[in-house]
Every structure is written in C-alpha cells, then in structure tokens.
Amino acid sequence: MSNLRGRLVFWSMLLLLIVLPMMFLVITAFAGVWPFPRLMPESYSLRAWRFLGANSQGIMRALGSSTLYSLGAVVTTVLICWLPAQYLSRHSFRGQTLLEAVLLTPALVPAITFSMGLQVLFIGVGLADTMMGVVLILSLVAYPYMLRGLKTGYLAYRQAYDECARNLGAGEWQRLRQVELPMVLPAALSGGSVVFLVAFSEYFLVFLIGGGLVPSFPGFLVPFVTGSDRAVASALTLLFLAVPVFLFITQELFLQWFYRRKGIEFR
Amino acid sequence: MTGTPTYSKTKGELWKLAPLLVPVGMMLAGIGHTVRTSLAPGLIAYEAALAQPGLFQNLLFSLYVAGVSTLLSVSIGTVLAYLIRRLPGVYRGRAVGFLIPLILPHIAVGLLILLWFSQSGLISSVFEYVGASGGFRSPLFRGDGIGLILGYVYKSTPFVLILVFPILRRIPDGYIQTGRMLGASEFRCFRQVVLPRLLPGVFSVSIIIFVYSFGSYDLPYVLGESRPRMISLYLYRLYFSRPIGERPIAAAMLVLILLCGAALVLMYAMAVRGVEERERRL
C-alpha cells in the first residue's frame with residue numbers, strides 16, 4: 001500500500017467516525033439557542049451542566065450504583081473463573097472444545113432467552129429488585145469474557161515457572177500468590193475491563209432484574225435520549241465516558257506500580 | 001506456540017471447574033423455567049406462537065438487521081485492522097481512538113445516531129445549508145432498520161478491530177512482502193494471503209456480533225420502529241404487557257429462539273476446532 005494513501009484513509013476514518021461525533025457531542029452539550037438549519041449553535045450556555053449540578057444527587061446515586069454493581073460483577077466473575085481457567089489451560093481432554101463452547105453460551109444466545117425466566121425465579125428467592133440480583137445476572141452475561149481472558153493469561157504462563165518455584169521449596173499457596181498472581185494479573189485486568197464495560201453500559205438487564213429500584217446510569221440517561229433535551233443527554237453521555245476512562249487510567253497506573261514493586265519489568 | 005502443558009498430578013483437579021456451576025446453573029434454571037412455562041398445556045402454546053401474525057415478520061426483520069450489521073461491521077473492522085497492521089508501529093497507539101465506541105453504552109450510541117441522522121439532525125442541517133434540492137429525508141424510523149444498523153455497526157466495528165488485530169499480528173510480515181514482491185496487488189495479497197488465515201477467527205467474532213444485534217434490547221428501545229419491530233422488544237411486550245395467560249406463547253417463542261441459539265453454539269465449537277487444527281498444521 002502506498003503509505004501515504006493508507007495514512008490518509010486512517011486519518012479520515014478517525015476524523016469521521018470518532019473526532020467529529022465526539023466534537024459534536026461536546027458542542028451540543030454547551031449549546032444554547034440552536035435553530036434548525038444552522039450548523040453551529042446561535043448561542044452557547046451552561047444550562048445543561050447547571051441542570052446536572054442541580055440534579056447531582058440523583059446523578060451521583062445512579063453513577064455510584066452503576067459503578068458498584070459493575071465492580072461487583074468484575075469481582076464475582078474473577079471468583080467464578082479463576083480456578084476453571086487454570087484447569088482448562090493445563091488440561092486437554094475429550095470434548096473440551098464442546099465444553100468451552102457451551103461455557104460461552106451466554107455470549108452466544110440472546111440474553112432475553114434466559115433472563116426473563118430468571119427474573120420470575122429471582123422474585124421467588126427474593127433476588128429481584130436487589131443489588132445482589134443485578135450483580136448475579138450481569139456476572140452471568142459477562143463471565144465468558146473473563147474466562148477467555150484468564151485462560152489466555154494462563155496459556156502464556158509456562159509450566160517452568162511453576163517447577164522453578166517448586167524446586168525452590170515454595171508451597172501451593174506461595175506459588176499462587178507470588179508467581180501465578182503477578183503473571184496472570186494483566187490478563188485478569190483486561191478480562192475485568194470487558195466485564196466492567198458490559199455491566200456498566202447495560203440498560204435492559206438492570207432494568208429487568210433491578211425493577212427500577214436499583215438505580216443505573218443508562219436508566220437515568222434513557223428519558224433524555226428519547227425525549228427532546230439533547231443538550232442534557234449529551235452532557236450526561238460525556239459524564240458517562242469519564243468513569244471508564246478514569247478507571248482504565250487508574251488500572252494502568254496500578255499495574256505499573258505493582259510491577260515496579262515486584263521488580264518485574266513492565267510488559 | 002506454547003504447546004499444551006501437561007501436568008503430572010492432574011487427575012484429581014476436576015473440582016476446580018466447580019465455580020462454573022454458579023453461572024451455568026443460573027442459566028439452566030432460567031431456561032428451565034421458560035421451557036416449563038411454554039409447556040403449560042402440552043404444545044398448544046407452540047401452535048399459538050407460530051400462528052401469531054407478527055412473529056415471522058419481526059423475526060425476519062431482526063435477522064435482516066443483525067445480518068447486515070454483522071456483515072458491515074466485520075468488513076469495516078477487518079479492513080481497518082489490516083490497514084493499521086500495514087501502517088508504521090506508531091499508528092497502533094493512535095488507533096486507540098477507534099475504541100471509544102466500545103465505552104459508549106448502546107443508549108448513548110442511539111443518541112449519536114439521533115444527533116446526526118434525525119430530521120432535525122446535523123446531516124439534515126448540512127443539506128439545508130448547502131441548499132441541496134429536495135432536502136434530506138431522515139433514514140430513521142422508516143421501518144427499514146437503517147437507524148438500528150448504523151448504531152450496531154458503530155458499536156461493533158471496534159469490537160471486531162480488537163479481536164482481529166491480534167490474529168493479524170501473528171501473520172509474519174514476510175508473507176505479505178513476498179506476495180508483493182511476486183507482483184500481487186495489495187488487494188490480492190489481502191485476499192489470498194491474509195484472509196484465509198483470518199477467516200476462522202472472523203467467523204467466531206461474527207457469531208457473537210450477530211447474536212448480540214439480533215437479541216439485544218437497548219438500541220431498539222431508543223431507535224426501534226414499531227412495525228416491523230425487533231424481536232427482543234416484541235417478546236418483552238408479549239411476556240410482560242399482556243395477560244399472564246398468554247405468557248406461555250411468549251415462552252414458546254423464546255424456546256424456539258433458544259434452539260436456533262444452540263445450533264449457533266455448535267457451529268461456534270466447530271469453528272474454534274477448525275482454528276485450533278489449522279494452527280497445529282501451520
């Protein structure tokens with residue numbers, strides 16, 4: 001490929017698909033009066049942001065609740081997947097491919113097929129309309145991503161490390177803590193990012209199982225998107241982007257700190 | 001390749017799979033409840049379900065929206081990944097920008113589509129501004145699913161990008177260079193050298209995207225037309241907004257969709273096995 005043409009395609013796609021939509025979102029969030037055929041607002045105002053300020057209590061509640069159940073789903077999926085991923089990466093047995101495909105089912109069949117029945121069952125055991133129920137349903141939908149991530153991490157982990165540690169006299173717990181954990185951590189975190197994103201942006205399942213009693217940020221956003229106040233909807237969307245971006249930066253800094261402390265070269 | 005490590009004391013470790021019983025058990029319980037509901041009076045509910053006038057129309061509409069979205073996002077994502085692979089290394093960092101739609105929830109993607117494509121949106125303004133004859137007729141809510149397709153493509157393309165790029169990276173540069181040196185065009189190199197190595201991976205990505213676009217609720221809730229209607233919205237209404245005596249009908253439809261899903265799981269397993277065998281051969 002003539003490199004120039006490739007670069008041109010790259011930049012124009014980035015401009016058209018990402019930069020312009022994001023800029024337009026920012027402009028809409030700061031727009032005041034904006035009569036129809038004008039390309040730019042006639043005046044700018046902080047009205048949408050003042051609205052966010054005035055409703056900060058409800059917004060923080062929704063944002064906090066969404067962050068909480070999403071982190072809950074990350075922790076739950078780690079607990080569900082860690083040992084199975086270790087097992088699946090170290091063994092090969094008949095029917096393994098089929099088993100692993102079956103384990104990916106929640107990503108391969110539409111969530112409505114099992115979640116609506118589950119909602120009725122959750123009412124029976126008192127999990128409907130609770131935070132715990134929401135965490136469980138989100139973990140169910142998202143665990144395949146964690147399993148896949150952890151398995152990839154364990155496949156890169158060589159048996160030799162384990163043998164080395166064992167030769168030096170490390171017990172099972174010490175090997176897990178000092179050898180396996182640091183080696184598999186990046187894979188766990190990247191699986192965790194996917195789980196977090198899936199959980200954090202989900203609207204329907206939280207609404208179905210949470211029954212409107214578990215606040216969610218997408219749920220807060222919906223009436224503004226379907227309504228006509230686009231400035232507020234845009235401002236809320238921008239606020240929404242801030243949370244995962246903040247978490248990913250924190251995660252990256254944590255990894256760097258962790259590896260420096262352990263004396264392992266980073267990546 | 002790392003190969004398959006074989007551990008000496010392996011047999012007694014099957015208990016390590018036990019935690020998976022939690023999600024699998026939940027899923028089976030949910031499915032079981034749906035199946036039981038659908039069977040309430042024999043197979044009557046299934047007959048009633050198949051006789052519902054809206055079902056096939058909505059089903060076809062969902063298949064069409066999901067199919068077109070998948071085809072478009074997989075093609076754009078794969079070509080984009082190949083482009084980034086062929087550009088100098090610094091472009092990999094710059095390409096992170098393309099991942100932004102991944103953090104946007106579907107509801108917010110719906111907002112973006114509305115801002116751009118609605119009758120009072122940006123594109124309509126541009127048409128009006130340059131005085132294009134005939135003006136702009138919004139493609140949203142017209143019953144042909146274009147709004148939904150735009151939304152799903154926007155959301156899924158970066159997903160294809162991050163899944164296909166690692167596969168592309170494993171194809172040695174030399175293969176492509178050799179092809180070029182032997183006189184193949186860039187397009188032919190892509191088609192004959194890169195694409196065959198990519199297909200199994202692309203296939204599994206396609207299934208995931210297809211199923212999601214087929215059955216998800218969020219985007220149709222914001223952008224969906226009411227006739228024809230995406231199957232997820234249709235089933236939700238049938239399940240919760242109708243007299244409870246009609247619930248077996250909705251449950252029967254869910255079971256039918258689930259059976260199609262099971263077929264997809266099998267296809268996925270075969271595709272994955274294909275990838276693994278190919279890798280062993282290469």
# chains A, B, ... in the order shown; residues from 1 in each chain; ligands from 1
call {"tool": "residues_around", "arguments": {"residues": "stretch 147-156 of chain B", "least_positions_apart": "6", "cutoff": "8 Å", "atoms": "only C-alpha atoms", "output": "number ranges by chain"}}
result
B: 65-66, 68-70, 72-73, 101-102, 104, 106, 109-110, 113, 139-141, 209, 213, 219-220, 223-224
call {"tool": "write_last_selection", "arguments": {"atoms": "N, CA and C atoms", "output": "mmCIF file, in the first residue's frame"}}
result
data_model
loop_
_atom_site.group_PDB
_atom_site.id
_atom_site.type_symbol
_atom_site.label_atom_id
_atom_site.label_comp_id
_atom_site.auth_asym_id
_atom_site.auth_seq_id
_atom_site.Cartn_x
_atom_site.Cartn_y
_atom_site.Cartn_z
ATOM 1 N N VAL B 65 -31.686 -7.080 10.114
ATOM 2 C CA VAL B 65 -30.902 -6.028 10.780
ATOM 3 C C VAL B 65 -29.593 -6.600 11.316
ATOM 4 N N ALA B 66 -29.682 -7.761 12.004
ATOM 5 C CA ALA B 66 -28.479 -8.347 12.584
ATOM 6 C C ALA B 66 -27.507 -8.784 11.488
ATOM 7 N N VAL B 68 -27.142 -7.651 8.281
ATOM 8 C CA VAL B 68 -26.483 -6.534 7.602
ATOM 9 C C VAL B 68 -25.483 -5.862 8.541
ATOM 10 N N SER B 69 -25.879 -5.664 9.817
ATOM 11 C CA SER B 69 -24.951 -5.032 10.766
ATOM 12 C C SER B 69 -23.676 -5.839 10.898
ATOM 13 N N THR B 70 -23.836 -7.170 11.027
ATOM 14 C CA THR B 70 -22.667 -8.020 11.206
ATOM 15 C C THR B 70 -21.759 -7.951 9.987
ATOM 16 N N LEU B 72 -21.454 -5.631 7.718
ATOM 17 C CA LEU B 72 -20.786 -4.338 7.583
ATOM 18 C C LEU B 72 -19.700 -4.159 8.640
ATOM 19 N N SER B 73 -20.023 -4.455 9.920
ATOM 20 C CA SER B 73 -19.022 -4.176 10.952
ATOM 21 C C SER B 73 -17.834 -5.108 10.816
ATOM 22 N N PRO B 101 -16.093 3.987 20.795
ATOM 23 C CA PRO B 101 -17.474 3.467 20.819
ATOM 24 C C PRO B 101 -17.653 2.261 21.729
ATOM 25 N N LEU B 102 -16.559 1.566 22.056
ATOM 26 C CA LEU B 102 -16.667 0.426 22.970
ATOM 27 C C LEU B 102 -17.121 0.866 24.351
ATOM 28 N N LEU B 104 -18.947 3.537 24.925
ATOM 29 C CA LEU B 104 -20.272 4.151 24.864
ATOM 30 C C LEU B 104 -21.342 3.085 25.028
ATOM 31 N N HIS B 106 -25.034 1.394 24.524
ATOM 32 C CA HIS B 106 -25.890 1.421 23.335
ATOM 33 C C HIS B 106 -26.863 2.595 23.356
ATOM 34 N N VAL B 109 -25.042 5.480 22.015
ATOM 35 C CA VAL B 109 -24.869 5.353 20.566
ATOM 36 C C VAL B 109 -26.162 5.753 19.865
ATOM 37 N N GLY B 110 -27.293 5.370 20.473
ATOM 38 C CA GLY B 110 -28.584 5.795 19.950
ATOM 39 C C GLY B 110 -28.679 7.309 19.883
ATOM 40 N N ILE B 113 -26.680 8.647 16.934
ATOM 41 C CA ILE B 113 -27.381 8.443 15.663
ATOM 42 C C ILE B 113 -28.495 9.487 15.507
ATOM 43 N N PRO B 139 -33.350 8.833 7.515
ATOM 44 C CA PRO B 139 -33.488 7.386 7.340
ATOM 45 C C PRO B 139 -33.985 6.685 8.601
ATOM 46 N N LEU B 140 -34.250 7.447 9.673
ATOM 47 C CA LEU B 140 -34.650 6.811 10.926
ATOM 48 C C LEU B 140 -36.154 6.561 10.955
ATOM 49 N N PHE B 141 -36.541 5.553 11.706
ATOM 50 C CA PHE B 141 -37.955 5.241 11.969
ATOM 51 C C PHE B 141 -38.782 5.051 10.696
ATOM 52 N N ILE B 209 -21.300 -11.051 17.369
ATOM 53 C CA ILE B 209 -21.939 -9.784 16.999
ATOM 54 C C ILE B 209 -23.354 -10.018 16.495
ATOM 55 N N SER B 213 -26.671 -8.342 18.111
ATOM 56 C CA SER B 213 -27.542 -7.404 17.389
ATOM 57 C C SER B 213 -28.938 -7.992 17.205
ATOM 58 N N LEU B 219 -30.705 -0.778 22.077
ATOM 59 C CA LEU B 219 -30.741 0.111 20.917
ATOM 60 C C LEU B 219 -32.132 0.180 20.270
ATOM 61 N N PRO B 220 -32.820 -0.970 20.084
ATOM 62 C CA PRO B 220 -34.185 -0.880 19.543
ATOM 63 C C PRO B 220 -35.109 -0.045 20.427
ATOM 64 N N LEU B 223 -34.084 3.487 19.193
ATOM 65 C CA LEU B 223 -34.153 3.783 17.763
ATOM 66 C C LEU B 223 -35.180 2.944 17.007
ATOM 67 N N GLY B 224 -35.812 1.989 17.728
ATOM 68 C CA GLY B 224 -36.589 0.992 17.006
ATOM 69 C C GLY B 224 -37.879 1.533 16.415
#
call {"tool": "interface_residues", "arguments": {"of": "chain A", "to": "chain B", "cutoff": "6 Å", "atoms": "only C-alpha atoms", "output": "list in words"}}
result
Met1, Pro37, Ile80, Leu83, Pro84, Arg90, Leu98, Ala101, Leu108, Val109, Pro110, Thr113, Phe114, Gly117, Leu118, Leu140, Ser201 and Val225 of chain A
call {"tool": "atom_distance", "arguments": {"atom1": "atom CA of A:Ser216", "atom2": "atom CA of A:Leu63"}}
result
6.6 Å
call {"tool": "select_by_dssp", "arguments": {"residues": "stretch 127-224 of chain B", "states": "helix (DSSP H, G or I)", "output": "number ranges by chain"}}
result
B: 127-130, 146-169, 173-181, 186-215, 218-223
call {"tool": "atom_distance", "arguments": {"atom1": "atom CA of A:Phe196", "atom2": "atom CA of A:Leu71"}}
result
6.5 Å
call {"tool": "atom_distance", "arguments": {"atom1": "atom CA of A:Asn55", "atom2": "atom CA of A:Leu20"}}
result
28.7 Å
call {"tool": "residues_around", "arguments": {"residues": "stretch 147-150 of chain A", "least_positions_apart": "2", "cutoff": "7 Å", "atoms": "only C-alpha atoms", "output": "list in words"}}
result
Cys81, Trp82, Ala85, Tyr143, Pro144, Tyr145, Thr152, Gly153, Tyr154, Ala187, Ala188, Ser190 and Gly191 of chain A
call {"tool": "write_last_selection", "arguments": {"atoms": "N, CA and C atoms", "output": "PDB file, in the first residue's frame"}}
result
ATOM      1  N   CYS A  81     -14.272 -17.613  37.663  1.00  0.00           N
ATOM      2  CA  CYS A  81     -13.474 -18.089  36.524  1.00  0.00           C
ATOM      3  C   CYS A  81     -12.026 -18.462  36.836  1.00  0.00           C
ATOM      4  N   TRP A  82     -11.482 -18.018  37.966  1.00  0.00           N
ATOM      5  CA  TRP A  82     -10.042 -18.176  38.152  1.00  0.00           C
ATOM      6  C   TRP A  82      -9.597 -19.643  38.094  1.00  0.00           C
ATOM      7  N   ALA A  85     -10.307 -21.456  34.756  1.00  0.00           N
ATOM      8  CA  ALA A  85      -9.395 -21.052  33.687  1.00  0.00           C
ATOM      9  C   ALA A  85      -8.062 -21.769  33.836  1.00  0.00           C
ATOM     10  N   TYR A 143     -19.430 -13.388  32.299  1.00  0.00           N
ATOM     11  CA  TYR A 143     -18.315 -14.243  32.710  1.00  0.00           C
ATOM     12  C   TYR A 143     -17.544 -14.879  31.547  1.00  0.00           C
ATOM     13  N   PRO A 144     -18.190 -15.141  30.370  1.00  0.00           N
ATOM     14  CA  PRO A 144     -17.389 -15.737  29.297  1.00  0.00           C
ATOM     15  C   PRO A 144     -16.169 -14.888  28.923  1.00  0.00           C
ATOM     16  N   TYR A 145     -16.311 -13.569  29.009  1.00  0.00           N
ATOM     17  CA  TYR A 145     -15.174 -12.708  28.647  1.00  0.00           C
ATOM     18  C   TYR A 145     -14.045 -12.862  29.653  1.00  0.00           C
ATOM     19  N   THR A 152      -6.396 -17.187  28.411  1.00  0.00           N
ATOM     20  CA  THR A 152      -5.283 -16.694  27.604  1.00  0.00           C
ATOM     21  C   THR A 152      -4.086 -16.388  28.491  1.00  0.00           C
ATOM     22  N   GLY A 153      -4.350 -15.757  29.647  1.00  0.00           N
ATOM     23  CA  GLY A 153      -3.275 -15.444  30.578  1.00  0.00           C
ATOM     24  C   GLY A 153      -2.556 -16.699  31.047  1.00  0.00           C
ATOM     25  N   TYR A 154      -3.321 -17.731  31.379  1.00  0.00           N
ATOM     26  CA  TYR A 154      -2.722 -18.972  31.874  1.00  0.00           C
ATOM     27  C   TYR A 154      -1.990 -19.739  30.774  1.00  0.00           C
ATOM     28  N   ALA A 187      -3.846 -10.277  32.376  1.00  0.00           N
ATOM     29  CA  ALA A 187      -4.958 -10.919  31.668  1.00  0.00           C
ATOM     30  C   ALA A 187      -6.247 -10.770  32.459  1.00  0.00           C
ATOM     31  N   ALA A 188      -6.134 -10.923  33.805  1.00  0.00           N
ATOM     32  CA  ALA A 188      -7.318 -10.772  34.647  1.00  0.00           C
ATOM     33  C   ALA A 188      -7.863  -9.359  34.530  1.00  0.00           C
ATOM     34  N   SER A 190      -7.498  -7.261  31.992  1.00  0.00           N
ATOM     35  CA  SER A 190      -8.110  -6.945  30.695  1.00  0.00           C
ATOM     36  C   SER A 190      -9.461  -7.644  30.571  1.00  0.00           C
ATOM     37  N   GLY A 191      -9.567  -8.871  31.134  1.00  0.00           N
ATOM     38  CA  GLY A 191     -10.887  -9.502  31.196  1.00  0.00           C
ATOM     39  C   GLY A 191     -11.838  -8.660  32.031  1.00  0.00           C
TER      40      GLY A 191
END
call {"tool": "closest_residue", "arguments": {"among": "A:Leu52, A:Met116, A:Val26, A:Val214", "to": "B:Arg237", "atoms": "only C-alpha atoms"}}
result
A:Met116
call {"tool": "residues_around", "arguments": {"residues": "stretch 162-174 of chain B", "least_positions_apart": "4", "cutoff": "8 Å", "atoms": "only C-alpha atoms", "output": "PyMOL selection string"}}
result
chain B and resi 77-78+81-82+85+158+178+194+197-198+201-202+205
call {"tool": "closest_residue", "arguments": {"among": "B:Leu50, B:Ile76, B:Leu199, B:Ala250", "to": "A:Leu17", "atoms": "only C-alpha atoms"}}
result
B:Ile76
call {"tool": "decode", "arguments": {"residues": "stretch 127-178 of chain A", "atoms": "C-alpha atoms", "output": "PDB file, in the first residue's frame"}}
result
ATOM      1  CA  LEU A 127     -33.239 -11.590  44.490  1.00  0.00           C
ATOM      2  CA  ALA A 128     -35.442  -9.472  42.216  1.00  0.00           C
ATOM      3  CA  ASP A 129     -35.137  -5.695  42.759  1.00  0.00           C
ATOM      4  CA  THR A 130     -31.876  -6.132  44.671  1.00  0.00           C
ATOM      5  CA  MET A 131     -28.291  -5.129  44.008  1.00  0.00           C
ATOM      6  CA  MET A 132     -27.245  -8.753  44.537  1.00  0.00           C
ATOM      7  CA  GLY A 133     -29.642  -9.965  41.827  1.00  0.00           C
ATOM      8  CA  VAL A 134     -28.302  -7.372  39.375  1.00  0.00           C
ATOM      9  CA  VAL A 135     -24.698  -8.385  40.110  1.00  0.00           C
ATOM     10  CA  LEU A 136     -25.603 -12.040  39.530  1.00  0.00           C
ATOM     11  CA  ILE A 137     -27.359 -11.522  36.190  1.00  0.00           C
ATOM     12  CA  LEU A 138     -24.573  -9.262  34.922  1.00  0.00           C
ATOM     13  CA  SER A 139     -21.948 -11.815  36.004  1.00  0.00           C
ATOM     14  CA  LEU A 140     -23.871 -14.486  34.145  1.00  0.00           C
ATOM     15  CA  VAL A 141     -23.867 -12.463  30.942  1.00  0.00           C
ATOM     16  CA  ALA A 142     -20.258 -11.304  31.221  1.00  0.00           C
ATOM     17  CA  TYR A 143     -18.315 -14.243  32.710  1.00  0.00           C
ATOM     18  CA  PRO A 144     -17.389 -15.737  29.297  1.00  0.00           C
ATOM     19  CA  TYR A 145     -15.174 -12.708  28.647  1.00  0.00           C
ATOM     20  CA  MET A 146     -13.391 -13.178  31.977  1.00  0.00           C
ATOM     21  CA  LEU A 147     -12.971 -16.910  31.387  1.00  0.00           C
ATOM     22  CA  ARG A 148     -11.490 -16.263  27.962  1.00  0.00           C
ATOM     23  CA  GLY A 149      -9.155 -13.560  29.275  1.00  0.00           C
ATOM     24  CA  LEU A 150      -7.896 -15.638  32.200  1.00  0.00           C
ATOM     25  CA  LYS A 151      -7.410 -18.695  30.024  1.00  0.00           C
ATOM     26  CA  THR A 152      -5.283 -16.694  27.604  1.00  0.00           C
ATOM     27  CA  GLY A 153      -3.275 -15.444  30.578  1.00  0.00           C
ATOM     28  CA  TYR A 154      -2.722 -18.972  31.874  1.00  0.00           C
ATOM     29  CA  LEU A 155      -1.730 -20.266  28.433  1.00  0.00           C
ATOM     30  CA  ALA A 156       1.117 -17.739  28.356  1.00  0.00           C
ATOM     31  CA  TYR A 157       2.163 -18.888  31.827  1.00  0.00           C
ATOM     32  CA  ARG A 158       4.782 -21.598  31.446  1.00  0.00           C
ATOM     33  CA  GLN A 159       4.926 -24.710  33.495  1.00  0.00           C
ATOM     34  CA  ALA A 160       8.638 -23.998  34.024  1.00  0.00           C
ATOM     35  CA  TYR A 161       7.884 -21.064  36.338  1.00  0.00           C
ATOM     36  CA  ASP A 162       5.830 -23.345  38.489  1.00  0.00           C
ATOM     37  CA  GLU A 163       8.513 -26.020  38.575  1.00  0.00           C
ATOM     38  CA  CYS A 164      11.187 -23.464  39.377  1.00  0.00           C
ATOM     39  CA  ALA A 165       9.239 -22.164  42.347  1.00  0.00           C
ATOM     40  CA  ARG A 166       8.504 -25.693  43.463  1.00  0.00           C
ATOM     41  CA  ASN A 167      12.192 -26.627  43.265  1.00  0.00           C
ATOM     42  CA  LEU A 168      12.995 -23.661  45.443  1.00  0.00           C
ATOM     43  CA  GLY A 169      10.576 -25.028  48.016  1.00  0.00           C
ATOM     44  CA  ALA A 170       7.501 -22.842  47.533  1.00  0.00           C
ATOM     45  CA  GLY A 171       4.212 -24.318  48.700  1.00  0.00           C
ATOM     46  CA  GLU A 172       0.956 -24.238  46.726  1.00  0.00           C
ATOM     47  CA  TRP A 173      -0.327 -21.016  48.347  1.00  0.00           C
ATOM     48  CA  GLN A 174       3.016 -19.231  47.989  1.00  0.00           C
ATOM     49  CA  ARG A 175       3.247 -20.216  44.310  1.00  0.00           C
ATOM     50  CA  LEU A 176      -0.243 -18.919  43.679  1.00  0.00           C
ATOM     51  CA  ARG A 177       0.421 -15.628  45.452  1.00  0.00           C
ATOM     52  CA  GLN A 178       3.967 -14.880  44.338  1.00  0.00           C
TER      53      GLN A 178
END
